[in-house]
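S.K.: So that you have it, the file is entry_9.pdb, and it contains PDB, C-alpha atoms:
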ATOM      1  CA  MET P   1      20.358 -20.854  13.985
ATOM      2  CA  LYS P   2      22.905 -19.252  11.630
ATOM      3  CA  LEU P   3      20.944 -20.601   8.665
ATOM      4  CA  TRP P   4      17.746 -18.833   9.806
ATOM      5  CA  LYS P   5      19.622 -15.565  10.335
ATOM      6  CA  SER P   6      21.112 -15.855   6.842
ATOM      7  CA  ILE P   7      17.692 -16.532   5.323
ATOM      8  CA  ALA P   8      16.161 -13.571   7.198
ATOM      9  CA  ALA P   9      18.984 -11.274   6.100
ATOM     10  CA  ALA P  10      18.688 -12.399   2.464
ATOM     11  CA  THR P  11      14.912 -11.865   2.518
ATOM     12  CA  ALA P  12      15.278  -8.362   3.978
ATOM     13  CA  LEU P  13      17.927  -7.484   1.393
ATOM     14  CA  ALA P  14      15.707  -8.740  -1.434
ATOM     15  CA  LEU P  15      12.769  -6.635  -0.237
ATOM     16  CA  VAL P  16      14.948  -3.533  -0.021
ATOM     17  CA  SER P  17      16.282  -4.216  -3.540
ATOM     18  CA  PHE P  18      12.770  -4.601  -4.956
ATOM     19  CA  SER P  19      11.641  -1.363  -3.327
ATOM     20  CA  ALA P  20      14.510   0.502  -4.981
ATOM     21  CA  VAL P  21      13.398  -0.824  -8.367
ATOM     22  CA  ALA P  22       9.658  -0.413  -7.985
ATOM     23  CA  GLY P  23       9.162   2.234  -5.341
ATOM     24  CA  ASP P  24       5.954   4.152  -4.852
ATOM     25  CA  TYR P  25       5.997   7.924  -4.648
ATOM     26  CA  LYS P  26       3.357  10.023  -2.891
ATOM     27  CA  VAL P  27       2.209  13.573  -3.488
ATOM     28  CA  GLY P  28      -1.060  14.861  -2.042
ATOM     29  CA  ASP P  29      -3.699  12.135  -2.415
ATOM     30  CA  LEU P  30      -1.801  10.484  -5.279
ATOM     31  CA  THR P  31       0.435   7.429  -5.258
ATOM     32  CA  ILE P  32       2.721   6.887  -8.258
ATOM     33  CA  GLY P  33       4.164   3.430  -8.821
ATOM     34  CA  HIS P  34       5.403   1.020 -11.472
ATOM     35  CA  ALA P  35       7.530   3.816 -12.949
ATOM     36  CA  TRP P  36       9.647   2.531 -15.829
ATOM     37  CA  THR P  37      10.949   3.057 -19.341
ATOM     38  CA  ARG P  38      12.728   0.967 -21.970
ATOM     39  CA  ALA P  39      16.388   0.972 -22.937
ATOM     40  CA  THR P  40      17.024   2.869 -26.180
ATOM     41  CA  PRO P  41      19.593   2.368 -28.948
ATOM     42  CA  PRO P  42      22.699   4.615 -28.667
ATOM     43  CA  LYS P  43      21.526   7.334 -31.105
ATOM     44  CA  ALA P  44      17.790   7.153 -30.501
ATOM     45  CA  LYS P  45      15.978  10.481 -30.638
ATOM     46  CA  ALA P  46      12.881   9.415 -28.678
ATOM     47  CA  GLY P  47      11.699   7.166 -25.858
ATOM     48  CA  GLY P  48       8.599   6.438 -23.801
ATOM     49  CA  GLY P  49       7.916   6.450 -20.073
ATOM     50  CA  PHE P  50       5.263   4.628 -18.081
ATOM     51  CA  VAL P  51       3.705   4.975 -14.600
ATOM     52  CA  GLU P  52       0.654   3.988 -12.614
ATOM     53  CA  ILE P  53      -1.149   6.793 -10.763
ATOM     54  CA  VAL P  54      -3.630   6.011  -7.990
ATOM     55  CA  ASN P  55      -5.900   8.786  -6.717
ATOM     56  CA  ASN P  56      -6.765   7.962  -3.105
ATOM     57  CA  GLY P  57      -8.624  11.256  -2.639
ATOM     58  CA  SER P  58     -12.203  12.409  -3.046
ATOM     59  CA  ASP P  59     -11.394  14.951  -5.799
ATOM     60  CA  ALA P  60     -10.058  14.416  -9.309
ATOM     61  CA  ASP P  61      -6.585  15.696 -10.169
ATOM     62  CA  ARG P  62      -4.811  16.042 -13.495
ATOM     63  CA  LEU P  63      -1.284  15.207 -14.690
ATOM     64  CA  ILE P  64      -0.555  18.396 -16.618
ATOM     65  CA  ALA P  65       3.186  18.207 -17.377
ATOM     66  CA  VAL P  66       6.304  16.059 -17.229
ATOM     67  CA  SER P  67       9.864  17.360 -17.333
ATOM     68  CA  SER P  68      13.327  15.819 -17.425
ATOM     69  CA  ASP P  69      16.867  16.894 -18.261
ATOM     70  CA  VAL P  70      17.364  13.749 -20.397
ATOM     71  CA  ALA P  71      15.443  15.171 -23.383
ATOM     72  CA  GLY P  72      14.892  18.442 -25.195
ATOM     73  CA  LYS P  73      11.129  18.035 -24.856
ATOM     74  CA  VAL P  74       8.901  15.826 -22.697
ATOM     75  CA  GLU P  75       5.152  15.551 -23.324
ATOM     76  CA  ILE P  76       2.138  13.505 -22.275
ATOM     77  CA  HIS P  77       0.943  11.471 -25.273
ATOM     78  CA  GLU P  78      -1.820   9.111 -26.269
ATOM     79  CA  MET P  79      -1.638   6.327 -28.846
ATOM     80  CA  ALA P  80      -4.953   5.288 -30.342
ATOM     81  CA  VAL P  81      -6.267   3.551 -33.435
ATOM     82  CA  THR P  82      -8.380   5.940 -35.512
ATOM     83  CA  ASP P  83      -9.970   4.643 -38.716
ATOM     84  CA  GLY P  84      -7.624   1.648 -38.626
ATOM     85  CA  VAL P  85      -4.498   3.798 -38.308
ATOM     86  CA  MET P  86      -2.351   3.992 -35.155
ATOM     87  CA  LYS P  87      -1.906   7.660 -34.260
ATOM     88  CA  MET P  88       0.026   9.355 -31.496
ATOM     89  CA  ARG P  89      -0.817  12.824 -30.227
ATOM     90  CA  LYS P  90       0.110  15.208 -27.447
ATOM     91  CA  LEU P  91      -2.598  15.634 -24.815
ATOM     92  CA  GLU P  92      -2.792  19.414 -24.508
ATOM     93  CA  LYS P  93      -4.807  19.262 -21.258
ATOM     94  CA  GLY P  94      -2.889  16.353 -19.749
ATOM     95  CA  VAL P  95      -4.530  13.295 -18.195
ATOM     96  CA  GLU P  96      -7.365  13.368 -15.661
ATOM     97  CA  ILE P  97      -6.901  11.164 -12.587
ATOM     98  CA  PRO P  98     -10.480  10.604 -11.315
ATOM     99  CA  ALA P  99     -11.108  10.397  -7.562
ATOM    100  CA  GLY P 100     -10.736   6.874  -6.210
ATOM    101  CA  GLU P 101      -9.398   5.526  -9.522
ATOM    102  CA  THR P 102      -6.151   4.354 -11.094
ATOM    103  CA  VAL P 103      -4.770   5.610 -14.409
ATOM    104  CA  THR P 104      -1.963   3.656 -16.052
ATOM    105  CA  LEU P 105       0.419   5.132 -18.588
ATOM    106  CA  LYS P 106       1.640   2.093 -20.557
ATOM    107  CA  PRO P 107       2.998   1.031 -23.937
ATOM    108  CA  GLY P 108       0.416   1.431 -26.702
ATOM    109  CA  GLY P 109      -1.771   3.902 -24.783
ATOM    110  CA  LEU P 110      -1.242   6.927 -22.584
ATOM    111  CA  HIS P 111       2.495   7.504 -22.015
ATOM    112  CA  ILE P 112       5.288   9.983 -21.384
ATOM    113  CA  MET P 113       7.081  10.915 -24.619
ATOM    114  CA  PHE P 114      10.752  11.935 -24.520
ATOM    115  CA  MET P 115      11.863  13.750 -27.688
ATOM    116  CA  GLY P 116      15.367  14.909 -28.560
ATOM    117  CA  LEU P 117      17.118  12.548 -26.143
ATOM    118  CA  ASN P 118      20.394  13.877 -24.729
ATOM    119  CA  GLN P 119      21.525  10.343 -23.868
ATOM    120  CA  SER P 120      20.474   6.763 -24.414
ATOM    121  CA  PHE P 121      18.536   4.949 -21.698
ATOM    122  CA  GLU P 122      20.681   2.092 -20.376
ATOM    123  CA  LYS P 123      19.091  -1.077 -18.975
ATOM    124  CA  GLY P 124      19.472  -1.179 -15.189
ATOM    125  CA  SER P 125      19.768   2.590 -14.775
ATOM    126  CA  ASN P 126      17.117   5.182 -13.850
ATOM    127  CA  VAL P 127      15.674   8.148 -15.728
ATOM    128  CA  PRO P 128      14.691  11.063 -13.443
ATOM    129  CA  VAL P 129      11.452  12.907 -14.241
ATOM    130  CA  VAL P 130       9.258  15.453 -12.502
ATOM    131  CA  LEU P 131       5.511  14.857 -12.782
ATOM    132  CA  THR P 132       3.381  17.994 -12.325
ATOM    133  CA  PHE P 133      -0.197  17.640 -11.132
ATOM    134  CA  GLU P 134      -2.791  20.412 -11.215
ATOM    135  CA  LYS P 135      -3.691  20.086  -7.504
ATOM    136  CA  ALA P 136      -1.050  17.888  -5.861
ATOM    137  CA  GLY P 137       1.917  19.733  -7.404
ATOM    138  CA  ASP P 138       5.307  18.314  -8.379
ATOM    139  CA  VAL P 139       6.833  14.958  -7.540
ATOM    140  CA  SER P 140      10.260  13.657  -8.599
ATOM    141  CA  VAL P 141      10.172  10.069  -9.841
ATOM    142  CA  ASP P 142      12.874   7.706 -11.119
ATOM    143  CA  LEU P 143      11.858   5.544 -14.069
ATOM    144  CA  ALA P 144      13.632   2.176 -13.910
ATOM    145  CA  VAL P 145      15.079   1.251 -17.315
ATOM    146  CA  ALA P 146      14.003  -2.205 -18.538
ATOM    147  CA  LYS P 147      15.421  -4.016 -21.564
ATOM    148  CA  MET P 148      14.815  -2.715 -25.088
ATOM    149  CA  GLY P 149      11.349  -3.637 -26.323
ATOM    150  CA  ALA P 150      10.036  -4.641 -22.874
ATOM    151  CA  LYS P 151       6.242  -4.782 -22.591
ATOM    152  CA  SER P 152       6.281  -4.257 -18.828
ATOM    153  CA  MET P 153       8.583  -3.160 -16.044
ATOM    154  CA  ASP P 154       9.979  -6.645 -15.468
ATOM    155  CA  GLY P 155       8.424  -8.779 -18.174
ATOM    156  CA  GLY P 156       5.604  -9.831 -15.833
ATOM    157  CA  LYS P 157       7.858 -11.991 -13.664
ATOM    158  CA  MET P 158       6.912 -10.375 -10.368
ATOM    159  CA  ASP P 159       3.769  -8.858  -8.896
ATOM    160  CA  HIS P 160       5.081  -5.685  -7.234
ATOM    161  CA  SER P 161       1.645  -4.861  -5.816
ATOM    162  CA  LYS P 162       2.165  -7.427  -3.058
ATOM    163  CA  ILE P 163       5.073  -5.425  -1.572
ATOM    164  CA  ASP P 164       4.793  -2.067   0.183
ATOM    165  CA  HIS P 165       7.321   0.291  -1.400
ATOM    166  CA  SER P 166       6.104   3.515   0.187
ATOM    167  CA  LYS P 167       8.445   6.505   0.223
ATOM    168  CA  ASN P 168       7.279   9.450   2.285
TER
END
Using structure tokens, write down the structure that the file contains.
M.R.:
Amino acid sequence: MKLWKSIAAATALALVSFSAVAGDYKVGDLTIGHAWTRATPPKAKAGGGFVEIVNNGSDADRLIAVSSDVAGKVEIHEMAVTDGVMKMRKLEKGVEIPAGETVTLKPGGLHIMFMGLNQSFEKGSNVPVVLTFEKAGDVSVDLAVAKMGAKSMDGGKMDHSKIDHSKN
């Protein structure tokens, strides 16, 4: 009987730990999840941030700004190949989140751009940001810091979509 209690306690602790790393945030009809960034070298001047935004509503919304105290400037950027050249640019009007759809900010595409970093991003820590949406308003989100050069939040080792990490 003690063994089963120990297994149950370990399972509950693991689920709580995963929710702290990959929690979902809600604002209006939007759910924000898979919020992460990469560790940066000690004197790096820039970094990227990544999130998944699900619009559960019947009207489109728009991510219009991102702010954080960790950098002098934070913008919404897009990376795209134009005429065979990779270019990055600020999205002046932000990113539309169509009704009933999911928009993912990820490496090599749409992303949050931190410029003039005040500190390096350390693996295992969190980077606080405020996402501002045209209709839903502001939501504070912690970006989990993965290892330098990571392609995803956890290297693809775990499917976080199978766990409910809701924070109300």
S.K.: Give me, please, the distance in Å between CA of Asn126 in chain P and CA of Leu110 in chain P, quoted to one decimal.
M.R.: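 Taking CA of Asn126 in chain P as the start and CA of Leu110 in chain P as the end point, the length is 20.4 Å.
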S.K.: For CA of Ile112 in chain P and CA of Ser58 in chain P, quote the distance in Å rounded to one decimal.
M.R.: 25.5 Å
S.K.: Give as a VMD selection string the residues that the PyMOL selection byres ((chain P and resi 55) around 12) matches when applied to the coordinates above.
M.R.: chain P and resid 26 to 33 52 to 54 56 to 63 96 to 104 133 135 to 136
S.K.: Given the PyMOL selection byres ((chain P and resi 73) around 7) and the file above, list the residues it selects as an MDAnalysis selection string.
M.R.: chainID P and resid 71:72 74:75 114:116
S.K.: By how many Å are CA of Lys151 in chain P and CA of Met79 in chain P apart?
M.R.: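 Between CA of Lys151 in chain P and CA of Met79 in chain P the gap is 15.0 Å.
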S.K.: Applying the PyMOL selection byres ((chain P and resi 80) around 9) to the file I just gave you, which residues come out? Please list them as a PyMOL selection string.
M.R.: chain P and resi 78-79+81-82+85-89+108-110
S.K.: Which of these, P:Trp36, P:Lys147, P:Glu92, P:Ser68, has the shortest distance to Lys123 in chain P once you count all atoms listed in the file?
M.R.: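 Among P:Trp36, P:Lys147, P:Glu92, P:Ser68, it is P:Lys147 that comes nearest to Lys123 in chain P.
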S.K.: How big is the axis-aligned box around all listed atoms of range 74-92 of chain P once 3 Å goes on each side, and where's its centre, in Å to one decimal, as JSON?
M.R.:
{"center_x": -0.5, "center_y": 10.5, "center_z": -30.5, "size_x": 24.9, "size_y": 23.8, "size_z": 22.4}
S.K.: In terms of the shortest atom-to-atom distance over all atoms listed in the file, which of P:Asp24, P:Val66, P:Gly94, P:Asp154 is closest to Gly48 in chain P?
M.R.: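 With all atoms listed in the file as the atom set, the closest residue is P:Val66.
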S.K.: Counting all atoms listed in the file, which of P:Ile64, P:Ala44, P:Ala150, P:Leu105 gets nearest to Asp138 in chain P?
M.R.: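 Between P:Ile64, P:Ala44, P:Ala150, P:Leu105, the residue approaching Asp138 in chain P most closely is P:Ile64.
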S.K.: Taking 3 positions as the minimum chain separation for residues in the same chain, which residues sit within 8 Å of Ala39 in chain P when counting only C-alpha atoms? Answer as a PDB file with C-alpha atoms, in the coordinates of the input.
M.R.:
ATOM      1  CA  SER P 120      20.474   6.763 -24.414  1.00  0.00           C
ATOM      2  CA  PHE P 121      18.536   4.949 -21.698  1.00  0.00           C
ATOM      3  CA  GLU P 122      20.681   2.092 -20.376  1.00  0.00           C
ATOM      4  CA  LYS P 123      19.091  -1.077 -18.975  1.00  0.00           C
ATOM      5  CA  VAL P 145      15.079   1.251 -17.315  1.00  0.00           C
ATOM      6  CA  ALA P 146      14.003  -2.205 -18.538  1.00  0.00           C
ATOM      7  CA  LYS P 147      15.421  -4.016 -21.564  1.00  0.00           C
ATOM      8  CA  MET P 148      14.815  -2.715 -25.088  1.00  0.00           C
ATOM      9  CA  GLY P 149      11.349  -3.637 -26.323  1.00  0.00           C
TER      10      GLY P 149
END
S.K.: If we count all atoms listed in the file, what is near Val130 in chain P at a cut-off of 10 Å, once residues fewer than 6 positions away on the same chain are taken out, given as a short mmCIF file (atom, residue, chain, number, x, y, z; two decimals) with C-alpha atoms, in the frame of the given file?
M.R.:
data_model
loop_
_atom_site.label_atom_id
_atom_site.label_comp_id
_atom_site.auth_asym_id
_atom_site.auth_seq_id
_atom_site.Cartn_x
_atom_site.Cartn_y
_atom_site.Cartn_z
CA ALA P 65 3.19 18.21 -17.38
CA VAL P 66 6.30 16.06 -17.23
CA SER P 67 9.86 17.36 -17.33
CA SER P 68 13.33 15.82 -17.42
CA ASP P 69 16.87 16.89 -18.26
CA GLY P 137 1.92 19.73 -7.40
CA ASP P 138 5.31 18.31 -8.38
CA VAL P 139 6.83 14.96 -7.54
CA SER P 140 10.26 13.66 -8.60
CA VAL P 141 10.17 10.07 -9.84
CA ASP P 142 12.87 7.71 -11.12
#
S.K.: Give me the residues near Thr37 in chain P as a CSV table (one decimal) with C-alpha atoms, in the frame of the given file, where near means some atom within 8 Å (using all atoms listed in the file) and where sequence neighbours in that chain fewer than 3 positions away do not count.
M.R.:
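For reference, out.csv as written:
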chain,number,residue,atom,x,y,z
P,47,GLY,CA,11.7,7.2,-25.9
P,48,GLY,CA,8.6,6.4,-23.8
P,49,GLY,CA,7.9,6.4,-20.1
P,50,PHE,CA,5.3,4.6,-18.1
P,127,VAL,CA,15.7,8.1,-15.7
P,143,LEU,CA,11.9,5.5,-14.1
P,144,ALA,CA,13.6,2.2,-13.9
P,145,VAL,CA,15.1,1.3,-17.3
P,146,ALA,CA,14.0,-2.2,-18.5
P,153,MET,CA,8.6,-3.2,-16.0
